[in-house]
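Before any comments, here is the structure.
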Number of protein chains: 2
Amino acid sequence: MSPKITTELLKQLRQVMKNPRYVQEPVQAYIVPSGDAHQSEYIAPCDCRRAFISGFDGSAGTAIVTEQHAAMWTDGRYFLQAAHQMDSNWTLMKMGLKDTPTQEDWLVSVLPEGSKVGVDPFIIPADQWKRISKALRSAGHDLVPVKENLIDTIWTDCPQRPCKPLITLDLSYTGVSWRDKIVALRSKMAERKVMWFVVTALDEVAWLFNLRGSDVEYNPVFFAYAVIGMNTIRLFIDGDRMMDPAVREHLQLDSTLEPEFKIQVMPYGSILSELQAVGAGLSPKEKVWLSDKASYALTEAIPKAYRYLTPYTPICIAKAVKNAAETEGMRRAHIKDAVALCELFNWLEKEVPKGTVTEIVAADKAEEFRSQQKDFVELSFATISSTGPNGAIIHYKPVPETNRTLSVNEIYLLDSGAQYKDGTTDVTRTMHFGTPSSYEKECFTYVLKGHIAVSAAIFPNGTKGHLLDSFARSALWDCGLDYLHGTGHGVGSFLNVHEGPCGISYKTFADEPLEAGMIVSDEPGYYEDGSFGIRIENVVLVIPAETKYNFKNRGSLTFEPLTLVPIQTKMIDVNLLTEKECNWVNEYHRRCREVVGAELERQGRHEALRWLLRETEPLARVQ
Amino acid sequence: MSPKITTELLKQLRQVMKNPRYVQEPVQAYIVPSGDAHQSEYIAPCDCRRAFISGFDGSAGTAIVTEQHAAMWTDGRYFLQAAHQMDSNWTLMKMGLKDTPTQEDWLVSVLPEGSKVGVDPFIIPADQWKRISKALRSAGHDLVPVKENLIDTIWTDCPQRPCKPLITLDLSYTGVSWRDKIVALRSKMAERKVMWFVVTALDEVAWLFNLRGSDVEYNPVFFAYAVIGMNTIRLFIDGDRMMDPAVREHLQLDSTLEPEFKIQVMPYGSILSELQAVGAGLSPKEKVWLSDKASYALTEAIPKAYRYLTPYTPICIAKAVKNAAETEGMRRAHIKDAVALCELFNWLEKEVPKGTVTEIVAADKAEEFRSQQKDFVELSFATISSTGPNGAIIHYKPVPETNRTLSVNEIYLLDSGAQYKDGTTDVTRTMHFGTPSSYEKECFTYVLKGHIAVSAAIFPNGTKGHLLDSFARSALWDCGLDYLHGTGHGVGSFLNVHEGPCGISYKTFADEPLEAGMIVSDEPGYYEDGSFGIRIENVVLVIPAETKYNFKNRGSLTFEPLTLVPIQTKMIDVNLLTEKECNWVNEYHRRCREVVGAELERQGRHEALRWLLRETEPLARVQ
């Protein structure tokens with residue numbers, strides 16, 4: 001990996017930072033955040049502005065360019081990668097280290113008195129704007145919105161914004177029509193006494209209208225906004241995709257409808273002016289609901305007194321609780337995914353000893369098997385296929401420079417998933433194709449104990465997921481071990497593989513309480529730098545639990561694993577398991593056999609079926 | 001309990017709210033918070049202004065009086081009590097219930113346009129002022145500081161502010177001299193580049209100067225402030241207690257000292273004007289460090305640009321980490337406390353069957369036995385002595401109206417503690433003096449499992465206590481049970497029984513990480529309304545743990561119980577314990593025998609010793 005040479009680009013950027021064609025007054029610093037105008041986690045190539053200007057293409061990072069300096073803030077996952085990808089024009093700011101200044105503090109320390117700091121108001125979330133603006137103002141500087149994105153002005157070969165065809169999802173997939181979703185949303189709006197709701201997150205637009213797209217890799221979303229009034233629906237979307245008869249039919253664009261369900265289709269780029277018009281026409285006490293992470297530009301379109309901001313939108317919360325149709329879809333998707341992985345692991349077991357399977361080959365093979373399954377759309381994230389020391393790099397993605405050959409001497413970690421039209425999967429299995437050492441088995445077993453502790457946990461209705469995080473660590477902690485990531489994230493239903501508002505992580509406190517129908521991942525791990533990585537991940541569904549008593553009539557919850565892929569028993573030190581844990585593994589494998597076995601049979605995949613049966617033999621615990 | 005008649009008092013208060021002698025302009029509402037000028041949890045009688053005006057004397061509550069209304073906000077612990085103690089002039093605002101408005105929302109809903117809302121700026125913490133002020137301003141009202149406390153103007157028989165003699169603590173108790181504490185504080189100030197530190201919490205003043213007082217019941221503190229500069233020390237304190245030769249000697253008031261250690265003693269009431277003088281004399285970049293919970297009055301004395309506010313002060317954090325002398329003192333105090341409780345429980349076992357022991361008698365007897373121990377000062381909080389249904393009232397304190405007789409048919413819960421000159425104790429034991437039902441034993445055993453899960457937990461250095469909270473609940477959750485309070489709080493060293501910045505509670509996120517030397521309580525419980533309450537509480541010391549591995553060289557921690565009082569084995573269903581839990585109980589009881597047994601022997605308390613030996617017989621687990 002050689003760094004990107006950015007001398008010329010930075011020179012150009014510094015010129016436009018002073019060019020009156022783009023800025024009202026010269027700006028002495030320009031902030032280039034990671035995101036797009038929808039605060040997406042995964043972004044389209046045209047939105048990779050920070051990568052363009054710096055060379056650093058990790059998923060998180062903020063660049064700031066001043067007349068003298070260029071600096072990049074990123075977190076521990078990316079210190080090495082950023083250092084490799086950026087040239088000497090750039091200073092790496094290692095977030096999380098004690099001596100690393102915040103962006104605000106750094107700006108204050110390097111800027112001349114009374115400076116202007118520019119940023120694209122569409123890219124920066126309102127809450128971040130507020131924080132940075134306040135800090136700058138108190139030091140005598142100003143944060144100013146620069147309407148035209150300055151990177152775009154110098155990015156001559158910037159790819160076009162994708163505008164791919166849409167997929168419509170009928171009731172058998174979604175369970176609820178978009179009309180009923182609008183009705184439910186309006187009732188939430190009425191409860192909070194708001195007149196308008198602005199949908200800015202791409203997965204929220206997709207979910208609301210029961211549409212999917214492919215504008216962003218791995219995420220079946222499309223570029224659009226929506227503004228829902230008590231009597232109006234406006235959808236801001238570009239391209240001729242609204243000409244597709246199936247889409248017109250789905251949205252009933254050509255039908256005679258009650259006016260409050262008539263969708264007005266408007267250009268994607270007109271959102272700001274339309275929202276400003278809404279803002280200008282508000283009567284007293286008419287509030288507009290926005291996510292507090294919506295862009296500064298859209299937030300500012302509504303006068304402050306009329307804004308109603310919340311960390312999680314009603315769509316985000318409704319979307320997280322899957323209905324029966326979605327749950328069934330997720331179950332089907334996970335069975336198909338398990339079939340593909342049984343095929344893969346059976347194939348790997350035969351091929352790895354030959355020494356010809358690299359991490360990339362294995363990842364491609366996994367995709368091949370998945371793509372044979374019904375309703376397969378694409379992968380749900382870049383496959384983490386890693387063996388030996390690469391397994392210890394938590395967000396590893398094999399590239400030719402790092403590609404390692406799988407062998408019978410090293411642990412192999414595969415974290416992968418797919419988008420099917422009926423659901424989204426995300427599964428991690430850690431395998432050994434030879435004989436694992438007793439230390440490897442010991443570590444694997446602690447991780448498994450943590451996985452089970454979460455999966456089998458029973459907890460009161462209303463419990464926040466972060467309260468379960470320590471359960472996943474307890475067995476590791478007992479031996480002085482740990483892992484430095486959260487334990488789980490929300491998973492969408494044929495939507496983003498990471499979604500709010502729930503999860504299982506010590507890092508958050510503001511997650512929404514778990515409720516039946518929510519779907520999260522359960523993925524503890526253990527990583528030994530330079531040697532190996534272990535992670536065991538299932539996607540699990542929150543379900544009601546039967547308990548002996550029922551304190552305050554609150555009811556209890558637990559998890560049902562949707563992922564049904566065998567956990568390699570060869571890696572388990574059975575003597576470290578309690579009887580309860582051992583029973584959990586056996587019951588889990590019994591379900592894998594029963595459910596996935598039937599599907600393998602149905603698909604005539606007999607060799608993979610034999611592999612499944614072999615891998616799901618019950619454990620016997622020696623007392 | 002009959003309610004306090006407040007008609008006349010409210011009339012008088014409403015008059016002074018308009019009286020130009022006290023208010024610059026009339027105020028349409030007046031807020032009466034719970035606290036004192038130091039944001040203490042326990043307050044002196046002269047500071048019980050909310051109780052005076054309303055009759056409601058629970059530990060938490062805020063009264064607001066307008067021209068038309070009088071309303072009281074309090075939480076679930078006090079709904080019943082407040083309803084009983086207040087007359088019909090008052091509306092009870094049940095905090096935590098969905099339909100209860102916040103104080104700000106309620107004010108906005110009842111106030112006439114452009115109202116002024118008054119509050120004593122010394123009583124309201126700066127962070128609360130900010131929140132309420134912002135909400136009122138956005139609705140067109142104003143929060144205004146009213147210098148003279150309006151309750152005091154109508155409280156004709158208001159008790160005097162206590163001004164009791166001080167106790168000096170030498171190095172054998174504190175481990176560190178006040179001079180060295182000042183040196184350490186100044187080094188923390190230098191790190192953060194602040195020139196002044198304002199000590200507002202009473203326990204922080206007491207800790208810093210190695211002094212104790214008795215101005216507030218149960219808390220060995222005294223009314224004082226301190227302002228520490230890089231070269232000056234100012235102590236604001238009233239009364240002739242500074243005339244005491246021992247105190248003068250301790251503080252070296254009459255010695256020739258380097259000027260930076262010379263303590264200037266000033267009147268308690270002069271803090272505001274002195275701080276304003278400090279504020280007025282600051283040069284650019286000279287910051288003043290305050291707790292963000294300091295009063296609005298003191299915070300405002302420092303111009304905004306010069307304030308450095310943190311949730312936890314460096315004294316709060318230093319105070320939490322006990323040194324060897326303090327830890328040894330705490331150990332001694334807990335041994336003495338255990339001696340007193342062995343005597344008590346032995347006495348109860350004999351007396352309860354006679355039917356003559358009430359909750360109050362038992363509490364008094366506990367105090368009597370404690371007071372026989374060396375260096376006993378006072379109780380550390382009001383004894384919770386409760387039997388049967390009273391045990392389910394978590395903050396119960398027996399009074400003649402509720403006083404219940406202990407019997408061989410009901411569970412008895414005793415939560416009590418004391419201040420000794422060498423340490424502070426807080427212990428809860430739940431006993432049955434007859435034959436507990438199998439359901440009572442089952443619940444007790446779940447609570448015990450939770451207690452052990454925390455006490456025996458091993459966790460990485462730097463873990464926040466709130467991450468351990470779920471361990472205490474897991475066994476209860478498995479059966480659909482739970483308890484609605486946190487699991488633990490920090491404990492002072494001959495100081496407040498509740499102290500920050502650490503604890504074990506799902507309710508907080510901003511606690512400071514646990515480190516070796518911190519002391520917290522471990523007190524899960526289970527409460528069945530109308531029947532019984534169970535709680536098992538030890539005070540535990542954070543100590544380094546030996547582990548098999550040491551991930552990232554972080555080191556691990558665990559707890560050592562300081563409390564050494566037998567846990568009633570009669571209440572344990574041994575079959576519900578794992579082998580590990582059973583061993584924990586036996587090892588704990590072995591230590592009680594060894595350590596407390598030796599002290600009982602030394603004190604010649606042979607009958608109590610025999611009780612201890614009986615109660616600490618090892619459990620035998622049937623496989």
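Just so we're on the same page: first chain in the structure tokens is A, next is B, and so on; residues restart at 1 for each chain, and ligands are numbered from 1 in the order they show up.
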
Write out as a ChimeraX atom specification each polymer residue whose atoms come within 9 Å of Glu367 in chain B, counting only C-alpha atoms; drop sequence neighbours fewer than 5 positions from it.
-> /B:340,362,372,378-379,383,416-418

Leaving out Asn403 in chain A and any residue of its chain fewer than 2 positions from it, which residues lie within 7 Å of it when counting only C-alpha atoms, given as JSON, numbers by chain?
-> {"A": [358, 359, 360, 398, 399, 400, 401, 405]}

Restricting it to N, CA and C atoms, dump the selection as a compact mmCIF listing (two decimals), in the first residue's frame.
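Listed below is the output, out-v9.txt:
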# COMPACT_ATOMS: atom_id res chain seq x y z
N THR A 358 -6.92 -19.45 -0.36
CA THR A 358 -6.53 -18.23 0.33
C THR A 358 -7.77 -17.61 0.98
N GLU A 359 -7.52 -16.57 1.76
CA GLU A 359 -8.63 -15.87 2.39
C GLU A 359 -9.60 -15.34 1.35
N ILE A 360 -9.06 -14.82 0.24
CA ILE A 360 -9.91 -14.26 -0.81
C ILE A 360 -10.70 -15.37 -1.50
N PRO A 398 -9.68 -9.15 3.44
CA PRO A 398 -8.48 -9.61 2.73
C PRO A 398 -8.27 -8.83 1.43
N VAL A 399 -7.07 -8.38 1.21
CA VAL A 399 -6.68 -7.76 -0.06
C VAL A 399 -5.42 -8.51 -0.52
N PRO A 400 -5.08 -8.40 -1.81
CA PRO A 400 -3.94 -9.19 -2.32
C PRO A 400 -2.68 -9.03 -1.47
N GLU A 401 -2.42 -7.83 -0.94
CA GLU A 401 -1.19 -7.60 -0.18
C GLU A 401 -1.15 -8.39 1.12
N THR A 405 -2.87 -17.86 3.04
CA THR A 405 -3.43 -19.17 2.67
C THR A 405 -3.90 -19.91 3.92

Please build the interface table for chain A against chain B with a cut-off of 8 Å, listing for each qualifying residue the nearest atom pair and the distance in Å to one decimal; count only C-alpha atoms, order rows by chain and increasing number, and write it as CSV.
residue,atom,partner,partner_atom,distance
A:Ala457,CA,B:Asp478,CA,7.4
A:Ile458,CA,B:Asp478,CA,5.3
A:Phe459,CA,B:Trp477,CA,5.2
A:Pro460,CA,B:Trp477,CA,6.7
A:Leu467,CA,B:Ser470,CA,6.2
A:Leu468,CA,B:Ser470,CA,7.0
A:Asp469,CA,B:Leu467,CA,7.8
A:Ser470,CA,B:Leu467,CA,6.2
A:Phe471,CA,B:Phe471,CA,7.4
A:Ser474,CA,B:Phe459,CA,7.7
A:Trp477,CA,B:Phe459,CA,5.2
A:Asp478,CA,B:Ile458,CA,5.2
A:Cys479,CA,B:Thr547,CA,5.1
A:Gly480,CA,B:Asn550,CA,4.8
A:Leu481,CA,B:Phe551,CA,5.0
A:Asp482,CA,B:Phe551,CA,6.7
A:Tyr506,CA,B:Leu467,CA,7.2
A:Phe509,CA,B:Phe509,CA,6.6
A:Thr547,CA,B:Cys479,CA,5.1
A:Lys548,CA,B:Cys479,CA,5.1
A:Tyr549,CA,B:Gly480,CA,4.9
A:Asn550,CA,B:Gly480,CA,4.9
A:Phe551,CA,B:Leu481,CA,5.0
A:Gly555,CA,B:Gly480,CA,7.2
A:Ser556,CA,B:Gly480,CA,6.2

Shell of 12 Å around Glu8 in chain B, only C-alpha atoms, local chain residues under 4 positions omitted, as a PyMOL selection string = chain B and resi 4+12-15+53-54+87+89+154-155

Find the residues around Ile452 in chain B up to 9 Å (only C-alpha atoms counted), leave out those fewer than 4 positions away in its own chain, and share them as a list in words.
->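 Final neighbour list, sorted by chain and number: Val447, Leu448, Ala456, Ala457, Phe471, Ala472, Asp522, Glu581, Trp584 and Val585 of chain B.
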
Interface rows for range 273-363 of chain A against range 222-246 of chain A: nearest pair, Å to one decimal, 10 Å, only C-alpha atoms, as a Markdown table:
| residue | atom | partner | partner_atom | distance |
| --- | --- | --- | --- | --- |
| A:Glu274 | CA | A:Val227 | CA | 9.2 |
| A:Leu275 | CA | A:Val227 | CA | 8.1 |
| A:Val278 | CA | A:Val227 | CA | 9.6 |
| A:Val288 | CA | A:Gly229 | CA | 9.1 |
| A:Trp289 | CA | A:Ile228 | CA | 9.7 |
| A:Leu290 | CA | A:Val227 | CA | 10.0 |

Please identify which residues in range 320-478 of chain A DSSP calls alpha helix (DSSP H) from the backbone, and express them as a ChimeraX atom specification.
-> /A:320,324-351,359-371,438-455,469-478

Grab the CA of Phe369 in chain A to CA of Tyr218 in chain A distance for me, in Å with one decimal place.
->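 These two atoms are separated by 17.1 Å.
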
Pick out each residue of range 193-387 of chain B that DSSP on the backbone tags as strand (DSSP E); I need them as an MDAnalysis selection string.
-> chainID B and resid 194:199 211:212 224:229 233:237 263:266 287:291 307:310 376:379 384:387

Could those selected residues go to a file with N, CA and C atoms, as a compact mmCIF listing (two decimals), in the first residue's frame?
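Output file again.txt is given in full below:
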# COMPACT_ATOMS: atom_id res chain seq x y z
N VAL B 194 -5.34 25.10 35.97
CA VAL B 194 -6.25 25.98 36.71
C VAL B 194 -5.50 26.58 37.88
N MET B 195 -5.90 27.79 38.27
CA MET B 195 -5.18 28.52 39.31
C MET B 195 -5.87 28.40 40.66
N TRP B 196 -7.17 28.08 40.63
CA TRP B 196 -7.95 28.06 41.86
C TRP B 196 -8.85 26.84 41.87
N PHE B 197 -9.05 26.32 43.04
CA PHE B 197 -10.02 25.24 43.18
C PHE B 197 -10.94 25.59 44.35
N VAL B 198 -12.26 25.49 44.10
CA VAL B 198 -13.24 25.84 45.13
C VAL B 198 -13.84 24.56 45.69
N VAL B 199 -13.67 24.33 46.98
CA VAL B 199 -14.19 23.12 47.62
C VAL B 199 -15.55 23.45 48.21
N LEU B 211 -10.07 16.84 59.03
CA LEU B 211 -10.91 17.25 60.16
C LEU B 211 -12.27 16.57 60.03
N ARG B 212 -12.93 16.38 61.16
CA ARG B 212 -14.30 15.89 61.12
C ARG B 212 -15.14 16.76 62.04
N ALA B 224 -18.47 24.42 56.05
CA ALA B 224 -17.27 25.16 55.66
C ALA B 224 -17.13 25.12 54.14
N TYR B 225 -16.41 26.06 53.61
CA TYR B 225 -15.95 26.03 52.22
C TYR B 225 -14.44 26.19 52.26
N ALA B 226 -13.80 25.87 51.16
CA ALA B 226 -12.38 26.21 51.04
C ALA B 226 -12.09 26.67 49.62
N VAL B 227 -11.16 27.59 49.51
CA VAL B 227 -10.70 28.02 48.19
C VAL B 227 -9.19 27.85 48.18
N ILE B 228 -8.73 26.95 47.30
CA ILE B 228 -7.30 26.64 47.26
C ILE B 228 -6.70 27.31 46.02
N GLY B 229 -5.75 28.18 46.25
CA GLY B 229 -5.00 28.77 45.15
C GLY B 229 -3.66 28.07 45.02
N ILE B 233 -4.37 29.30 50.78
CA ILE B 233 -5.40 28.38 51.27
C ILE B 233 -6.38 29.19 52.09
N ARG B 234 -7.63 29.22 51.68
CA ARG B 234 -8.63 29.93 52.48
C ARG B 234 -9.69 28.96 52.95
N LEU B 235 -9.93 29.00 54.26
CA LEU B 235 -10.94 28.11 54.85
C LEU B 235 -12.04 28.99 55.42
N PHE B 236 -13.27 28.78 54.94
CA PHE B 236 -14.41 29.61 55.37
C PHE B 236 -15.21 28.81 56.37
N ILE B 237 -15.14 29.24 57.64
CA ILE B 237 -15.76 28.44 58.70
C ILE B 237 -16.13 29.36 59.85
N ILE B 263 -2.91 28.76 56.29
CA ILE B 263 -4.36 28.75 56.09
C ILE B 263 -4.96 30.06 56.59
N GLN B 264 -5.65 30.76 55.70
CA GLN B 264 -6.37 31.96 56.12
C GLN B 264 -7.78 31.54 56.50
N VAL B 265 -8.15 31.76 57.76
CA VAL B 265 -9.49 31.39 58.22
C VAL B 265 -10.42 32.59 58.04
N MET B 266 -11.55 32.39 57.37
CA MET B 266 -12.48 33.47 57.09
C MET B 266 -13.88 33.06 57.48
N LYS B 287 -7.91 29.91 35.15
CA LYS B 287 -9.20 29.24 35.31
C LYS B 287 -9.46 28.91 36.78
N VAL B 288 -10.74 28.78 37.10
CA VAL B 288 -11.16 28.39 38.45
C VAL B 288 -11.95 27.09 38.34
N TRP B 289 -11.54 26.10 39.11
CA TRP B 289 -12.13 24.76 39.05
C TRP B 289 -13.26 24.65 40.08
N LEU B 290 -14.42 24.24 39.59
CA LEU B 290 -15.58 24.01 40.46
C LEU B 290 -16.26 22.72 40.04
N SER B 291 -16.95 22.10 40.96
CA SER B 291 -17.84 20.99 40.61
C SER B 291 -19.00 21.55 39.80
N ARG B 307 -14.37 29.69 34.09
CA ARG B 307 -14.79 28.51 34.86
C ARG B 307 -14.25 27.22 34.25
N TYR B 308 -13.83 26.31 35.11
CA TYR B 308 -13.48 24.95 34.67
C TYR B 308 -14.33 24.02 35.52
N LEU B 309 -15.39 23.45 34.91
CA LEU B 309 -16.35 22.64 35.66
C LEU B 309 -16.19 21.17 35.33
N THR B 310 -16.19 20.31 36.33
CA THR B 310 -16.16 18.86 36.08
C THR B 310 -17.19 18.19 36.98
N PHE B 376 -16.22 4.52 68.66
CA PHE B 376 -17.55 4.72 68.08
C PHE B 376 -17.90 6.19 68.17
N VAL B 377 -18.45 6.76 67.11
CA VAL B 377 -18.84 8.17 67.11
C VAL B 377 -20.36 8.31 67.07
N GLU B 378 -20.97 7.75 66.04
CA GLU B 378 -22.43 7.82 65.91
C GLU B 378 -22.84 6.80 64.85
N LEU B 379 -24.13 6.72 64.55
CA LEU B 379 -24.57 5.86 63.46
C LEU B 379 -24.22 6.55 62.14
N ILE B 384 -32.38 0.96 59.40
CA ILE B 384 -33.56 0.35 58.79
C ILE B 384 -33.78 -0.98 59.50
N SER B 385 -34.73 -1.00 60.41
CA SER B 385 -35.03 -2.20 61.19
C SER B 385 -36.46 -2.55 60.85
N SER B 386 -36.65 -3.63 60.09
CA SER B 386 -37.98 -3.86 59.53
C SER B 386 -38.31 -5.34 59.51
N THR B 387 -39.52 -5.65 59.85
CA THR B 387 -39.91 -7.06 59.84
C THR B 387 -41.18 -7.24 59.03

Exercise: Pro3 in chain B partners within 10 Å, only C-alpha atoms, chain neighbours under 5 positions left out, as a PyMOL selection string | chain B and resi 54-56+81-88

Residue selection dump (all heavy atoms) as a CSV table (one decimal), in the first residue's frame:
chain,number,residue,atom,x,y,z
B,54,SER,N,-43.9,22.4,53.5
B,54,SER,CA,-44.9,21.4,53.0
B,54,SER,C,-45.3,20.3,54.0
B,54,SER,O,-46.4,19.7,53.9
B,54,SER,CB,-44.3,20.7,51.8
B,54,SER,OG,-43.2,19.8,52.2
B,55,GLY,N,-44.5,20.1,55.0
B,55,GLY,CA,-44.7,18.9,55.9
B,55,GLY,C,-44.0,17.7,55.4
B,55,GLY,O,-43.8,16.8,56.2
B,56,PHE,N,-43.7,17.6,54.1
B,56,PHE,CA,-43.1,16.4,53.6
B,56,PHE,C,-41.6,16.3,53.9
B,56,PHE,O,-40.9,17.2,53.4
B,56,PHE,CB,-43.4,16.2,52.1
B,56,PHE,CG,-42.5,15.2,51.4
B,56,PHE,CD1,-42.5,13.9,51.9
B,56,PHE,CD2,-41.7,15.5,50.3
B,56,PHE,CE1,-41.7,12.9,51.3
B,56,PHE,CE2,-40.9,14.6,49.7
B,56,PHE,CZ,-40.9,13.3,50.2
B,81,GLN,N,-45.7,8.5,51.5
B,81,GLN,CA,-45.3,9.3,52.6
B,81,GLN,C,-45.7,10.8,52.4
B,81,GLN,O,-46.3,11.5,53.2
B,81,GLN,CB,-43.8,9.2,52.9
B,81,GLN,CG,-43.3,10.1,54.0
B,81,GLN,CD,-41.8,9.9,54.2
B,81,GLN,OE1,-41.2,8.9,53.9
B,81,GLN,NE2,-41.1,11.0,54.8
B,82,ALA,N,-45.4,11.3,51.2
B,82,ALA,CA,-45.7,12.7,50.8
B,82,ALA,C,-47.2,12.9,50.9
B,82,ALA,O,-47.7,13.9,51.4
B,82,ALA,CB,-45.1,13.0,49.5
B,83,ALA,N,-48.0,11.9,50.4
B,83,ALA,CA,-49.4,12.1,50.4
B,83,ALA,C,-49.9,12.2,51.8
B,83,ALA,O,-50.9,12.9,52.1
B,83,ALA,CB,-50.1,10.9,49.6
B,84,HIS,N,-49.3,11.4,52.7
B,84,HIS,CA,-49.7,11.5,54.1
B,84,HIS,C,-49.4,12.7,54.8
B,84,HIS,O,-50.1,13.2,55.7
B,84,HIS,CB,-49.1,10.3,54.9
B,84,HIS,CG,-49.8,9.0,54.6
B,84,HIS,ND1,-49.2,7.8,54.5
B,84,HIS,CD2,-51.2,8.7,54.4
B,84,HIS,CE1,-50.1,6.8,54.3
B,84,HIS,NE2,-51.3,7.4,54.2
B,85,GLN,N,-48.2,13.3,54.5
B,85,GLN,CA,-47.6,14.4,55.2
B,85,GLN,C,-48.1,15.8,54.7
B,85,GLN,O,-48.0,16.7,55.5
B,85,GLN,CB,-46.1,14.3,55.2
B,85,GLN,CG,-45.6,13.1,56.0
B,85,GLN,CD,-44.0,13.1,56.0
B,85,GLN,OE1,-43.4,13.5,55.1
B,85,GLN,NE2,-43.5,12.7,57.1
B,86,MET,N,-48.7,15.8,53.5
B,86,MET,CA,-49.0,17.1,53.0
B,86,MET,C,-50.5,17.3,53.0
B,86,MET,O,-51.3,16.4,52.8
B,86,MET,CB,-48.5,17.3,51.5
B,86,MET,CG,-47.0,17.2,51.5
B,86,MET,SD,-46.3,17.7,49.9
B,86,MET,CE,-47.3,16.6,48.8
B,87,ASP,N,-51.0,18.6,53.3
B,87,ASP,CA,-52.4,18.8,53.3
B,87,ASP,C,-52.9,19.1,51.9
B,87,ASP,O,-52.2,19.1,50.9
B,87,ASP,CB,-52.7,20.0,54.3
B,87,ASP,CG,-52.2,21.3,53.8
B,87,ASP,OD1,-51.8,21.5,52.7
B,87,ASP,OD2,-52.2,22.2,54.7
B,88,SER,N,-54.2,19.5,51.8
B,88,SER,CA,-54.8,19.6,50.4
B,88,SER,C,-54.3,20.8,49.7
B,88,SER,O,-54.7,21.0,48.5
B,88,SER,CB,-56.3,19.6,50.6
B,88,SER,OG,-56.7,20.7,51.4

Give me, please, the distance in Å between CA of Gly175 in chain B and CA of Glu499 in chain B, quoted to one decimal.
->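 Distance reported for this atom pair: 19.4 Å.
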
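With CA of Ser437 in chain A on one side and CA of His395 in chain A on the other, the separation reads 24.7 Å.
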
Pick from A:Gly597, A:Ser270, A:Pro389, A:Ile394: nearest to Ser531 in chain A, with only C-alpha atoms counted?
->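 Closest to Ser531 in chain A of all the choices is A:Pro389.
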
Taking 6 positions as the minimum chain separation for residues in the same chain, which residues sit within 8 Å of Thr91 in chain A when counting only C-alpha atoms? Answer as an mmCIF file with C-alpha atoms, in the first residue's frame.
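Below is the file out-v6.cif, written as the result:
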data_model
loop_
_atom_site.group_PDB
_atom_site.id
_atom_site.type_symbol
_atom_site.label_atom_id
_atom_site.label_comp_id
_atom_site.auth_asym_id
_atom_site.auth_seq_id
_atom_site.Cartn_x
_atom_site.Cartn_y
_atom_site.Cartn_z
ATOM 1 C CA HIS A 69 -1.896 21.948 8.037
ATOM 2 C CA ALA A 70 -3.809 18.855 7.037
ATOM 3 C CA ALA A 71 -4.892 16.548 9.851
ATOM 4 C CA MET A 72 -6.878 13.328 10.056
#

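Take the candidates A:Ile315, A:Ser133, A:Ser295, A:Thr168 and check each one against Glu249 in chain A using only C-alpha atoms; the shortest distance goes to A:Thr168.
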
For Gly503 in chain A, please output as a list in words all residues within 6 Å (counting only C-alpha atoms; exclusion window: fewer than 2 positions along the same chain).
->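 Here the qualifying residues turn out to be Gly465, Gly488, His489 and Gly490 of chain A.
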